[in-house]
Structures are given as structure tokens and as C-alpha cells.
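Novice: Dropping in start27.cif, which is mmCIF, C-alpha atoms:
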data_entry
#
loop_
_atom_site.label_atom_id
_atom_site.label_comp_id
_atom_site.auth_asym_id
_atom_site.auth_seq_id
_atom_site.Cartn_x
_atom_site.Cartn_y
_atom_site.Cartn_z
CA MET A 1 136.41 42.14 11.70
CA THR A 2 138.45 40.21 9.17
CA VAL A 3 140.63 42.40 6.94
CA VAL A 4 141.89 40.82 3.75
CA VAL A 5 144.30 41.69 0.95
CA SER A 6 142.34 41.77 -2.29
CA GLY A 7 144.87 43.40 -4.61
CA VAL A 8 148.64 43.72 -4.99
CA GLY A 9 150.81 45.89 -7.23
CA VAL A 10 154.58 45.49 -7.45
CA VAL A 11 156.78 47.81 -9.49
CA LEU A 12 160.47 47.04 -9.05
CA PRO A 13 163.28 46.65 -11.58
CA ARG A 14 163.51 42.91 -10.86
CA ALA A 15 159.92 42.16 -9.87
CA ARG A 16 156.58 43.11 -11.38
CA SER A 17 154.37 40.71 -9.42
CA ALA A 18 154.03 39.38 -5.88
CA PRO A 19 155.49 35.92 -6.68
CA GLU A 20 158.56 37.56 -8.24
CA LEU A 21 159.37 39.10 -4.86
CA MET A 22 160.17 35.55 -3.75
CA ALA A 23 161.93 34.62 -7.03
CA PRO A 24 163.09 37.79 -8.82
CA VAL A 25 164.32 37.93 -12.38
CA ALA A 26 168.09 38.01 -12.79
CA GLU A 27 168.46 41.47 -14.33
CA ALA A 28 166.13 44.25 -15.39
CA PRO A 29 166.31 47.95 -16.32
CA PRO A 30 164.96 50.71 -14.05
CA VAL A 31 161.19 51.16 -13.96
CA GLU A 32 159.92 53.57 -16.62
CA PRO A 33 156.56 54.94 -15.38
CA LYS A 34 155.40 56.21 -18.78
CA ASP A 35 155.57 52.66 -20.11
CA LEU A 36 153.20 51.47 -17.36
CA VAL A 37 150.68 54.28 -16.94
CA GLY A 38 151.29 56.53 -19.94
CA ARG A 39 152.74 60.02 -20.01
CA LYS A 40 149.63 61.89 -18.94
CA GLY A 41 149.93 63.43 -15.49
CA LEU A 42 153.60 62.55 -14.97
CA ARG A 43 155.09 65.93 -15.85
CA TYR A 44 156.43 67.83 -12.82
CA LYS A 45 155.82 64.83 -10.54
CA ASP A 46 158.81 63.52 -8.58
CA ARG A 47 159.96 59.95 -9.17
CA ALA A 48 158.47 58.62 -5.94
CA THR A 49 155.02 59.86 -6.93
CA GLN A 50 155.39 58.46 -10.45
CA LEU A 51 156.37 55.05 -9.05
CA ALA A 52 153.44 55.20 -6.65
CA TYR A 53 151.07 55.85 -9.57
CA CYS A 54 152.29 52.65 -11.22
CA ALA A 55 151.93 50.45 -8.14
CA ALA A 56 148.54 51.97 -7.26
CA ASP A 57 147.22 51.38 -10.78
CA ALA A 58 148.35 47.75 -10.69
CA ALA A 59 146.89 47.06 -7.22
CA LEU A 60 143.54 48.73 -7.89
CA ARG A 61 143.16 46.78 -11.14
CA HIS A 62 144.18 43.52 -9.48
CA ALA A 63 141.52 44.10 -6.83
CA GLY A 64 138.86 44.81 -9.48
CA LEU A 65 138.38 48.38 -8.25
CA LEU A 66 139.66 50.05 -11.42
CA ASP A 67 139.29 49.51 -15.14
CA ASP A 68 139.80 51.63 -18.25
CA GLY A 69 136.53 53.41 -17.45
CA GLY A 70 137.80 54.54 -14.05
CA LEU A 71 137.07 53.66 -10.43
CA ARG A 72 134.32 51.04 -10.06
CA VAL A 73 133.37 51.86 -6.44
CA PRO A 74 132.49 55.17 -4.74
CA GLY A 75 135.64 57.23 -4.27
CA GLY A 76 134.70 58.04 -0.69
CA SER A 77 134.88 54.36 0.23
CA VAL A 78 138.61 54.10 -0.51
CA ALA A 79 141.28 55.43 1.86
CA VAL A 80 144.93 55.99 0.94
CA VAL A 81 147.78 55.28 3.35
CA ALA A 82 151.27 55.83 1.92
CA SER A 83 154.71 55.25 3.43
CA SER A 84 158.05 56.68 2.28
CA ASN A 85 161.01 57.99 4.23
CA TYR A 86 162.95 59.44 1.29
CA GLY A 87 160.14 60.16 -1.17
CA ASN A 88 160.68 63.86 -1.82
CA LEU A 89 164.18 64.23 -0.36
CA ASP A 90 165.60 65.29 -3.74
CA THR A 91 163.03 68.09 -4.03
CA ILE A 92 163.80 69.35 -0.52
CA CYS A 93 167.55 69.28 -1.13
CA ARG A 94 167.16 71.12 -4.42
CA ALA A 95 165.01 73.80 -2.78
CA ILE A 96 167.46 74.26 0.10
CA ASP A 97 170.40 74.56 -2.29
CA THR A 98 168.54 77.16 -4.34
CA ILE A 99 167.69 79.23 -1.27
CA ALA A 100 171.27 78.99 0.04
CA GLU A 101 172.90 79.90 -3.27
CA GLN A 102 170.34 82.51 -4.40
CA THR A 103 167.06 83.42 -2.63
CA ALA A 104 163.70 81.85 -1.90
CA ALA A 105 162.31 83.81 -4.83
CA ALA A 106 164.52 81.78 -7.18
CA GLY A 107 162.74 78.54 -6.30
CA SER A 108 160.70 76.68 -8.90
CA ALA A 109 156.93 77.01 -8.69
CA MET A 110 156.71 73.47 -10.10
CA ASP A 111 158.69 72.14 -7.13
CA LEU A 112 156.45 73.71 -4.51
CA PRO A 113 153.69 71.02 -4.46
CA ASN A 114 156.34 68.29 -4.32
CA ALA A 115 157.97 69.83 -1.25
CA SER A 116 155.12 68.67 1.00
CA SER A 117 155.82 65.35 2.72
CA ASN A 118 152.31 64.09 1.93
CA VAL A 119 152.67 64.63 -1.82
CA ILE A 120 152.60 60.88 -2.61
CA ALA A 121 149.38 60.11 -0.75
CA SER A 122 147.58 63.22 -1.94
CA SER A 123 148.69 62.92 -5.57
CA VAL A 124 147.60 59.28 -5.79
CA ALA A 125 144.22 60.14 -4.27
CA ILE A 126 143.68 62.94 -6.80
CA ARG A 127 144.78 60.84 -9.79
CA PHE A 128 142.45 57.92 -9.01
CA GLY A 129 139.60 59.80 -7.34
CA LEU A 130 140.06 58.20 -3.92
CA ARG A 131 138.24 60.51 -1.50
CA GLY A 132 138.43 58.52 1.72
CA PRO A 133 140.85 59.25 4.59
CA ASN A 134 144.34 60.14 3.39
CA LEU A 135 147.48 59.50 5.45
CA MET A 136 151.21 59.75 4.82
CA LEU A 137 153.72 58.02 7.11
CA CYS A 138 157.43 58.86 7.21
CA ASN A 139 158.48 57.35 10.53
CA GLY A 140 161.55 55.24 9.90
CA ALA A 141 162.03 51.50 9.88
CA THR A 142 158.52 50.54 10.96
CA SER A 143 156.76 52.95 8.59
CA GLY A 144 155.59 50.38 6.02
CA LEU A 145 154.10 47.96 8.54
CA ASP A 146 152.58 50.88 10.43
CA ALA A 147 150.89 51.96 7.19
CA VAL A 148 149.30 48.53 6.76
CA HIS A 149 148.16 48.62 10.38
CA TRP A 150 146.59 52.07 10.08
CA ALA A 151 144.81 51.06 6.89
CA ALA A 152 143.30 48.08 8.72
CA THR A 153 142.40 50.36 11.64
CA LEU A 154 140.52 52.73 9.31
CA ILE A 155 138.54 49.80 7.95
CA ARG A 156 137.78 48.27 11.34
CA GLY A 157 136.77 51.70 12.61
CA GLY A 158 134.26 52.16 9.79
CA ARG A 159 136.12 55.11 8.24
CA ALA A 160 136.45 53.32 4.90
CA SER A 161 135.38 50.06 3.29
CA ARG A 162 138.78 49.55 1.71
CA ALA A 163 142.21 51.17 1.61
CA LEU A 164 145.07 51.48 -0.84
CA VAL A 165 148.39 51.04 1.01
CA LEU A 166 151.53 52.27 -0.74
CA GLY A 167 155.21 51.87 0.01
CA VAL A 168 157.70 53.63 -2.23
CA GLU A 169 161.35 54.70 -2.16
CA PRO A 170 163.22 56.34 -5.05
CA ASP A 171 166.91 56.05 -5.80
CA ASN A 172 168.76 59.30 -6.53
CA GLU A 173 171.86 61.23 -5.52
CA SER A 174 170.14 62.95 -2.59
CA VAL A 175 168.99 59.65 -1.12
CA ARG A 176 172.39 58.01 -1.57
CA ALA A 177 174.08 60.95 0.15
CA PHE A 178 171.68 60.61 3.07
CA THR A 179 172.06 56.81 3.34
CA GLY A 180 175.84 56.76 3.00
CA GLY A 181 175.78 55.43 -0.54
CA ALA A 182 173.18 52.69 -0.10
CA ARG A 183 170.87 52.14 -3.04
CA THR A 184 167.14 51.93 -2.44
CA ILE A 185 164.65 49.69 -4.20
CA ASP A 186 163.81 52.52 -6.65
CA GLY A 187 160.33 51.12 -6.86
CA ALA A 188 157.00 50.71 -5.12
CA ALA A 189 154.54 48.18 -3.80
CA ALA A 190 150.82 48.60 -3.15
CA LEU A 191 148.12 46.61 -1.40
CA VAL A 192 144.36 46.91 -1.48
CA VAL A 193 143.03 45.87 1.91
CA GLU A 194 139.35 45.70 2.77
CA SER A 195 136.91 44.07 5.10
CA GLY A 196 136.10 40.45 4.34
CA GLU A 197 132.47 41.48 4.02
CA SER A 198 133.28 44.15 1.45
CA ALA A 199 135.34 41.71 -0.61
CA ALA A 200 132.57 39.10 -0.48
CA GLU A 201 129.94 41.62 -1.59
CA ARG A 202 132.06 42.46 -4.64
CA GLY A 203 132.83 38.83 -5.36
CA ALA A 204 136.53 39.57 -4.90
CA SER A 205 138.91 36.85 -3.78
CA ALA A 206 141.24 37.38 -0.84
CA SER A 207 144.96 36.94 -1.50
CA ALA A 208 145.77 36.92 2.22
CA VAL A 209 144.32 37.75 5.60
CA LEU A 210 145.89 40.33 7.92
CA GLY A 211 146.53 38.91 11.37
CA ASP A 212 147.83 40.44 14.58
CA TYR A 213 150.07 43.51 14.62
CA VAL A 214 152.36 44.50 17.48
CA ARG A 215 154.75 47.41 18.00
CA GLY A 216 157.22 47.96 20.77
CA ALA A 217 160.85 48.33 21.81
CA GLY A 218 163.22 45.68 20.51
CA LEU A 219 162.76 43.02 17.85
CA GLY A 220 163.04 40.11 20.26
CA ARG A 221 160.27 41.37 22.53
CA THR A 222 158.12 42.28 19.53
CA LEU A 223 158.44 38.73 18.18
CA GLU A 224 157.55 37.30 21.60
CA ARG A 225 154.39 39.41 21.76
CA LEU A 226 153.47 38.53 18.18
CA ALA A 227 153.92 34.82 18.88
CA ARG A 228 151.60 35.08 21.90
CA THR A 229 148.85 36.91 20.03
CA ALA A 230 149.16 35.20 16.64
CA GLY A 231 149.25 31.71 18.08
CA ASP A 232 150.70 29.44 15.39
CA ARG A 233 154.45 29.36 14.77
CA PRO A 234 155.31 31.09 11.48
CA ALA A 235 156.30 29.11 8.42
CA LEU A 236 158.21 32.06 6.92
CA TRP A 237 159.85 35.11 8.45
CA HIS A 238 160.57 38.31 6.51
CA LEU A 239 163.59 39.84 8.20
CA PRO A 240 163.93 43.46 9.30
CA GLU A 241 166.13 45.73 7.25
CA GLN A 242 169.57 44.81 8.46
CA ARG A 243 172.11 42.26 7.41
CA ALA A 244 170.74 38.78 7.99
CA ALA A 245 173.85 37.92 10.01
CA ALA A 246 172.92 40.65 12.49
CA VAL A 247 169.68 38.89 13.43
CA PRO A 248 170.40 36.44 16.28
CA ASP A 249 169.94 32.77 15.40
CA THR A 250 168.01 32.33 18.63
CA LEU A 251 165.11 34.39 17.27
CA LEU A 252 162.50 32.11 15.66
CA GLU A 253 165.07 29.36 15.45
CA GLY A 254 164.39 26.92 12.62
CA VAL A 255 161.94 29.18 10.77
CA ASP A 256 162.75 29.90 7.11
CA ARG A 257 164.06 33.46 6.71
CA HIS A 258 163.74 35.81 3.75
CA ASP A 259 165.67 39.07 3.38
CA LEU A 260 164.10 41.36 0.75
CA ALA A 261 166.71 44.07 1.30
CA GLU A 262 169.52 41.70 0.35
CA VAL A 263 167.87 41.11 -3.03
CA PHE A 264 166.24 44.42 -3.91
CA GLY A 265 168.11 47.06 -1.91
CA LEU A 266 167.12 49.43 0.87
CA GLY A 267 163.35 49.31 1.32
CA SER A 268 163.08 51.73 4.27
CA GLY A 269 159.53 53.09 4.34
CA ALA A 270 158.43 50.66 1.64
CA LEU A 271 159.79 47.53 3.32
CA GLY A 272 156.72 46.53 5.33
CA VAL A 273 154.44 46.86 2.31
CA LEU A 274 156.90 44.84 0.23
CA GLN A 275 156.98 42.15 2.89
CA CYS A 276 153.19 41.85 2.85
CA ALA A 277 153.19 41.68 -0.95
CA ALA A 278 155.88 39.00 -0.81
CA ALA A 279 153.74 37.01 1.64
CA VAL A 280 150.90 37.13 -0.90
CA GLY A 281 153.34 35.86 -3.53
CA TRP A 282 154.43 33.04 -1.24
CA PHE A 283 150.83 31.99 -0.61
CA ALA A 284 150.14 32.11 -4.37
CA GLN A 285 152.97 29.64 -4.89
CA GLY A 286 151.49 27.19 -2.42
CA GLY A 287 153.05 28.40 0.82
CA ALA A 288 151.11 27.38 3.91
CA GLY A 289 151.18 28.65 7.46
CA PRO A 290 151.54 32.13 8.96
CA VAL A 291 154.08 34.61 7.63
CA TYR A 292 155.71 37.15 9.93
CA ALA A 293 156.67 40.55 8.51
CA THR A 294 158.99 42.50 10.80
CA ALA A 295 160.86 45.80 10.97
CA GLY A 296 163.23 47.31 13.47
CA THR A 297 166.30 46.14 15.39
CA ASP A 298 167.06 43.80 18.25
CA ALA A 299 168.07 46.79 20.37
CA ASP A 300 165.58 48.93 22.26
CA ASP A 301 164.59 50.85 19.14
CA ALA A 302 161.04 50.76 17.81
CA SER A 303 160.15 47.46 16.16
CA ALA A 304 156.96 46.19 14.58
CA GLY A 305 155.59 42.83 13.53
CA LEU A 306 152.58 41.68 11.53
CA ALA A 307 151.26 38.15 10.96
CA LEU A 308 149.66 37.25 7.64
CA HIS A 309 147.70 34.15 6.79
CA GLY A 310 146.70 32.43 3.57
CA ARG A 311 143.24 33.05 2.13
CA ALA A 312 141.98 29.77 3.64
CA ALA A 313 142.28 31.45 7.05
CA ALA A 314 139.39 33.74 6.11
#
Take the structure in the file and write it out as C-alpha cells.

Specialist:
Amino acid sequence: MTVVVSGVGVVLPRARSAPELMAPVAEAPPVEPKDLVGRKGLRYKDRATQLAYCAADAALRHAGLLDDGGLRVPGGSVAVVASSNYGNLDTICRAIDTIAEQTAAAGSAMDLPNASSNVIASSVAIRFGLRGPNLMLCNGATSGLDAVHWAATLIRGGRASRALVLGVEPDNESVRAFTGGARTIDGAAALVVESGESAAERGASASAVLGDYVRGAGLGRTLERLARTAGDRPALWHLPEQRAAAVPDTLLEGVDRHDLAEVFGLGSGALGVLQCAAAVGWFAQGGAGPVYATAGTDADDASAGLALHGRAAA
């Protein structure tokens, strides 16, 4: 079954569209969610959830699934798969500090819902009425690409006709303390993926086609497996989250490289979703040939890779 990308939402300080991920604006203020989705429903929601609302709204509208009257397809047909490694870290740290300094009884009742690791996926589903399968991934470097893969798996398995995939990471003191001072993207990206048949029935155009996905130990071996299954040599390679100089020149030698982290900051759980959105932006600007999105290291740690193709591949 062909799985296509039919909608993209990008909410970053320096990029508000897929093409801008490849050519960001020079400077921009932090994202202000109330300016994008209004104030309603934002109170008591953590920043990661607020950012996810903005990206979800943009992606669903881009895909033609949402308008001012609400969702245009049955809610049960849309799954939600979200990825964030630091999403509610500030809430957890605040709760722990309160318990340590006072007692559990001193905790805020408003913080309690936000203390669950699946708060982003569940809150987005409730806000937009998406009643399909609901998953939250928080599994390190590969989390974003894994989320895209599981969304495609849900569609191919007949669990949903389409899925909203979210990647979001907030920037705050708790996150910086955990990452050693590194700043995250403080933003979100979202994709709507669906079967080619579903998109055709709606008259929706495909922005990209999801190709092969592989996961294993070590970036080099993951790239070798992806090259064998995907076939064509990539025209563009989105680098894993590490300094570009740390990626050996011998890997995909001669292929153009793009490092989103160098431009936008630590993507972590959102990186894979950002990479897929950036591939859509590259195709929209006339890019041709497969794009590889990758996460992980060249050591024996978990690595993942996904090939994406332009809409003509459908």
C-alpha cells in the first residue's frame, strides 16, 4: 500500500512552512500559540502541547481535513502519533521539586494532567476530535522517524485511513539543564499521512510518498540496509542529530547533506518529523530524487532511516 504525505504544518521561530525548513528566515521571535490558534483551550496546557496544537491545526488544514467548521472526515478515521523526548519535563521537575520541598498534597491540580507522558497526543486528539489510535513515543534519537513509521504501519494495517504525526520539543530551563545547556527547536512539525487511495478519494494531492524504513544498530549499517531496500541513490541526505563533522565522509559520499539541528537547534524527538517536512519542502522547490531522513549515531546505538520520494513516485 502506498502511503503519502498530504499535509504539513511547521511552527518554528524561523520557519512557518516546509520550504522554509530548507531556507529559513534570518531572525524571528519565539512562537506565540495564541496568535496562531487563539487563546481558547490554551490555559493550563504546557508549552509543548500548545506548540503541538499549532502544528496540528496547520497540517490538518493543509491536508483539507479541517476547516473553520471543524473536522471534515470521521474522527475515528484519523490516528494521532506524537513524538517528544522533553515535552513535559518542566512539569515533572516542578512536581518533584514541590514534593521534595513540601509534600505531594502541595502539588497543583492543574499540573496533574500534564504530568502524563502522553499528554501531547491525547490533548491534540481531544482538541480536534481525532478518535483513531493514539500513540506517544519518547524513545530518544530515533523517536521522530519511528513515529512516522508507526503511523504508516497503522494505515497499512487498516487501523486508520490517515494519521496525524507530530514532533515537538519545547525550550525551557528544565530542558536546558537536562541537555547541558543546549537549546531545542522550541517548536513543532506535523504531517498528515494517509493511504494513496484515501487521498485520491478525497481529491487531495500528495506532497511526498513514504518509502522504505529501516532501524538497527549503527548509522552506517542502517544506511547500507536502506540503500539496498530503497534502491535509488539519494539526492539529499538529512543528517542525524550530531555535528556534521562527526558524520564520516565515507557515508553516502558525494550526496548533498542538510543538518537541521545546526540551523534550528536540538530537534530530539521532533527531528525525524522535521526531516520529513523538510523533504516535502525540498520537493516543493523542485528537488528530484529520493531523500534520506536519518537519526542515530555511527556507533552501535539505535539508528533509523526513512526514504521519501516526490509525489511523482506515487

Novice: So the first atom is CA of Lys45 (chain A) and the second is CA of Val148 (chain A); what is the distance between them in Å, to one decimal place?

Specialist: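 We find that CA of Lys45 (chain A) and CA of Val148 (chain A) lie 24.6 Å from each other.
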
Novice: Take the PyMOL selection byres ((chain A and resi 233-249) around 8), apply it to the structure above, and return the hits as a ChimeraX atom specification.

Specialist: /A:141,227,231-232,250-253,255-262,266-268,271,275,288-298

Novice: Tell me which residues the PyMOL selection byres ((chain A and resi 153) around 12) grabs here, as a PDB file with C-alpha atoms, in the frame of the given file.

Specialist:
ATOM      1  CA  MET A   1     136.410  42.140  11.700  1.00  0.00           C
ATOM      2  CA  THR A   2     138.450  40.210   9.170  1.00  0.00           C
ATOM      3  CA  VAL A   3     140.630  42.400   6.940  1.00  0.00           C
ATOM      4  CA  ALA A  79     141.280  55.430   1.860  1.00  0.00           C
ATOM      5  CA  VAL A  81     147.780  55.280   3.350  1.00  0.00           C
ATOM      6  CA  PRO A 133     140.850  59.250   4.590  1.00  0.00           C
ATOM      7  CA  ASP A 146     152.580  50.880  10.430  1.00  0.00           C
ATOM      8  CA  ALA A 147     150.890  51.960   7.190  1.00  0.00           C
ATOM      9  CA  VAL A 148     149.300  48.530   6.760  1.00  0.00           C
ATOM     10  CA  HIS A 149     148.160  48.620  10.380  1.00  0.00           C
ATOM     11  CA  TRP A 150     146.590  52.070  10.080  1.00  0.00           C
ATOM     12  CA  ALA A 151     144.810  51.060   6.890  1.00  0.00           C
ATOM     13  CA  ALA A 152     143.300  48.080   8.720  1.00  0.00           C
ATOM     14  CA  LEU A 154     140.520  52.730   9.310  1.00  0.00           C
ATOM     15  CA  ILE A 155     138.540  49.800   7.950  1.00  0.00           C
ATOM     16  CA  ARG A 156     137.780  48.270  11.340  1.00  0.00           C
ATOM     17  CA  GLY A 157     136.770  51.700  12.610  1.00  0.00           C
ATOM     18  CA  GLY A 158     134.260  52.160   9.790  1.00  0.00           C
ATOM     19  CA  ARG A 159     136.120  55.110   8.240  1.00  0.00           C
ATOM     20  CA  ALA A 160     136.450  53.320   4.900  1.00  0.00           C
ATOM     21  CA  SER A 161     135.380  50.060   3.290  1.00  0.00           C
ATOM     22  CA  ARG A 162     138.780  49.550   1.710  1.00  0.00           C
ATOM     23  CA  ALA A 163     142.210  51.170   1.610  1.00  0.00           C
ATOM     24  CA  VAL A 193     143.030  45.870   1.910  1.00  0.00           C
ATOM     25  CA  GLU A 194     139.350  45.700   2.770  1.00  0.00           C
ATOM     26  CA  SER A 195     136.910  44.070   5.100  1.00  0.00           C
ATOM     27  CA  LEU A 210     145.890  40.330   7.920  1.00  0.00           C
ATOM     28  CA  ASP A 212     147.830  40.440  14.580  1.00  0.00           C
ATOM     29  CA  TYR A 213     150.070  43.510  14.620  1.00  0.00           C
TER      30      TYR A 213
END

Novice: Between CA of Gly281 (chain A) and CA of Leu21 (chain A), what is the distance in Å, rounded to a tenth?

Specialist: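 Spanning CA of Gly281 (chain A) to CA of Leu21 (chain A) is a straight-line distance of 7.0 Å.
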
Novice: For region 55-57 of chain A, find every residue with an atom within 8 Å (counting all atoms listed in the file), except residues of its own chain fewer than 4 positions away, and show them as a PDB file with C-alpha atoms, in the frame of the given file.

Specialist:
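Ended up saving to result-v3.pdb:
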ATOM      1  CA  GLY A   9     150.810  45.890  -7.230  1.00  0.00           C
ATOM      2  CA  VAL A  10     154.580  45.490  -7.450  1.00  0.00           C
ATOM      3  CA  VAL A  11     156.780  47.810  -9.490  1.00  0.00           C
ATOM      4  CA  VAL A  37     150.680  54.280 -16.940  1.00  0.00           C
ATOM      5  CA  LEU A  51     156.370  55.050  -9.050  1.00  0.00           C
ATOM      6  CA  ARG A  61     143.160  46.780 -11.140  1.00  0.00           C
ATOM      7  CA  LEU A  66     139.660  50.050 -11.420  1.00  0.00           C
ATOM      8  CA  VAL A 124     147.600  59.280  -5.790  1.00  0.00           C
ATOM      9  CA  LEU A 164     145.070  51.480  -0.840  1.00  0.00           C
ATOM     10  CA  LEU A 166     151.530  52.270  -0.740  1.00  0.00           C
ATOM     11  CA  ALA A 188     157.000  50.710  -5.120  1.00  0.00           C
ATOM     12  CA  ALA A 189     154.540  48.180  -3.800  1.00  0.00           C
ATOM     13  CA  ALA A 190     150.820  48.600  -3.150  1.00  0.00           C
ATOM     14  CA  LEU A 191     148.120  46.610  -1.400  1.00  0.00           C
TER      15      LEU A 191
END

Novice: Given the PyMOL selection byres ((chain A and resi 72) around 12) and the file above, list the residues it selects as a ChimeraX atom specification.

Specialist: /A:60-61,63-71,73-78,128-130,202

Novice: Atoms to include: C-alpha atoms. Write the selected residues as a PDB file, keeping the file's coordinate frame.

Specialist:
ATOM      1  CA  LEU A  60     143.540  48.730  -7.890  1.00  0.00           C
ATOM      2  CA  ARG A  61     143.160  46.780 -11.140  1.00  0.00           C
ATOM      3  CA  ALA A  63     141.520  44.100  -6.830  1.00  0.00           C
ATOM      4  CA  GLY A  64     138.860  44.810  -9.480  1.00  0.00           C
ATOM      5  CA  LEU A  65     138.380  48.380  -8.250  1.00  0.00           C
ATOM      6  CA  LEU A  66     139.660  50.050 -11.420  1.00  0.00           C
ATOM      7  CA  ASP A  67     139.290  49.510 -15.140  1.00  0.00           C
ATOM      8  CA  ASP A  68     139.800  51.630 -18.250  1.00  0.00           C
ATOM      9  CA  GLY A  69     136.530  53.410 -17.450  1.00  0.00           C
ATOM     10  CA  GLY A  70     137.800  54.540 -14.050  1.00  0.00           C
ATOM     11  CA  LEU A  71     137.070  53.660 -10.430  1.00  0.00           C
ATOM     12  CA  VAL A  73     133.370  51.860  -6.440  1.00  0.00           C
ATOM     13  CA  PRO A  74     132.490  55.170  -4.740  1.00  0.00           C
ATOM     14  CA  GLY A  75     135.640  57.230  -4.270  1.00  0.00           C
ATOM     15  CA  GLY A  76     134.700  58.040  -0.690  1.00  0.00           C
ATOM     16  CA  SER A  77     134.880  54.360   0.230  1.00  0.00           C
ATOM     17  CA  VAL A  78     138.610  54.100  -0.510  1.00  0.00           C
ATOM     18  CA  PHE A 128     142.450  57.920  -9.010  1.00  0.00           C
ATOM     19  CA  GLY A 129     139.600  59.800  -7.340  1.00  0.00           C
ATOM     20  CA  LEU A 130     140.060  58.200  -3.920  1.00  0.00           C
ATOM     21  CA  ARG A 202     132.060  42.460  -4.640  1.00  0.00           C
TER      22      ARG A 202
END

Novice: For Pro170 (chain A), which residue out of A:Leu89, A:Ala58, A:Leu145, A:Ile126 is the nearest one, using all atoms listed in the file?

Specialist: A:Leu89

Novice: Given all atoms listed in the file as the basis, pick out the residue of A:Ser205, A:Gln102, A:Thr184, A:Gln50 nearest to Ala270 (chain A).

Specialist: A:Thr184

Novice: Between CA of Pro24 (chain A) and CA of Thr179 (chain A), what is the distance, to one decimal in Å?

Specialist: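 Computed distance, CA of Pro24 (chain A) to CA of Thr179 (chain A), equals 24.3 Å.
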
Novice: Counting only C-alpha atoms, which of A:Arg311, A:His62, A:Arg228, A:Lys34 gets nearest to Val4 (chain A)?

Specialist: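 The shortest atom-to-atom distance to Val4 (chain A) comes from A:Arg311.
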
Novice: Give the answer as one residue: which of A:Tyr44, A:Tyr53, A:Tyr86, A:Phe283 has the shortest atom-to-atom distance to Phe178 (chain A), using only C-alpha atoms?

Specialist: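 Closest to Phe178 (chain A) of all the choices is A:Tyr86.
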
Novice: Using only C-alpha atoms, which of the listed residues (A:Ile92, A:Ala206, A:Val192, A:Leu306) sits closest to Gly272 (chain A)?

Specialist: A:Leu306

Novice: Can you give me N, CA and C atoms for region 120-141 of chain A, written as a short mmCIF file (atom, residue, chain, number, x, y, z; two decimals), keeping the file's coordinate frame?

Specialist:
data_model
loop_
_atom_site.label_atom_id
_atom_site.label_comp_id
_atom_site.auth_asym_id
_atom_site.auth_seq_id
_atom_site.Cartn_x
_atom_site.Cartn_y
_atom_site.Cartn_z
N ILE A 120 152.89 62.19 -2.01
CA ILE A 120 152.60 60.88 -2.61
C ILE A 120 151.15 60.49 -2.36
N ALA A 121 150.74 60.52 -1.09
CA ALA A 121 149.38 60.11 -0.75
C ALA A 121 148.34 61.00 -1.41
N SER A 122 148.57 62.30 -1.38
CA SER A 122 147.58 63.22 -1.94
C SER A 122 147.52 63.12 -3.46
N SER A 123 148.67 63.00 -4.12
CA SER A 123 148.69 62.92 -5.57
C SER A 123 148.01 61.65 -6.08
N VAL A 124 148.25 60.53 -5.40
CA VAL A 124 147.60 59.28 -5.79
C VAL A 124 146.09 59.39 -5.62
N ALA A 125 145.66 59.99 -4.51
CA ALA A 125 144.22 60.14 -4.27
C ALA A 125 143.57 60.98 -5.37
N ILE A 126 144.23 62.06 -5.76
CA ILE A 126 143.68 62.94 -6.80
C ILE A 126 143.64 62.21 -8.15
N ARG A 127 144.71 61.51 -8.49
CA ARG A 127 144.78 60.84 -9.79
C ARG A 127 143.69 59.80 -9.96
N PHE A 128 143.40 59.03 -8.89
CA PHE A 128 142.45 57.92 -9.01
C PHE A 128 141.08 58.22 -8.41
N GLY A 129 140.89 59.43 -7.89
CA GLY A 129 139.60 59.80 -7.34
C GLY A 129 139.25 59.11 -6.04
N LEU A 130 140.26 58.89 -5.20
CA LEU A 130 140.06 58.20 -3.92
C LEU A 130 139.84 59.26 -2.83
N ARG A 131 138.60 59.39 -2.37
CA ARG A 131 138.24 60.51 -1.50
C ARG A 131 138.05 60.12 -0.04
N GLY A 132 138.49 58.92 0.33
CA GLY A 132 138.43 58.52 1.72
C GLY A 132 139.56 59.14 2.52
N PRO A 133 139.76 58.73 3.77
CA PRO A 133 140.85 59.25 4.59
C PRO A 133 142.18 59.13 3.87
N ASN A 134 143.07 60.09 4.12
CA ASN A 134 144.34 60.14 3.39
C ASN A 134 145.47 60.38 4.39
N LEU A 135 146.39 59.42 4.48
CA LEU A 135 147.48 59.50 5.45
C LEU A 135 148.82 59.27 4.78
N MET A 136 149.85 59.95 5.28
CA MET A 136 151.21 59.75 4.82
C MET A 136 152.10 59.48 6.02
N LEU A 137 152.82 58.38 6.01
CA LEU A 137 153.72 58.02 7.11
C LEU A 137 155.16 58.11 6.66
N CYS A 138 155.99 58.72 7.49
CA CYS A 138 157.43 58.86 7.21
C CYS A 138 158.19 58.64 8.52
N ASN A 139 157.98 57.51 9.17
CA ASN A 139 158.48 57.35 10.53
C ASN A 139 159.50 56.23 10.70
N GLY A 140 160.42 56.14 9.72
CA GLY A 140 161.55 55.24 9.90
C GLY A 140 161.28 53.79 9.55
N ALA A 141 162.00 52.91 10.24
CA ALA A 141 162.03 51.50 9.88
C ALA A 141 160.66 50.82 9.89
#
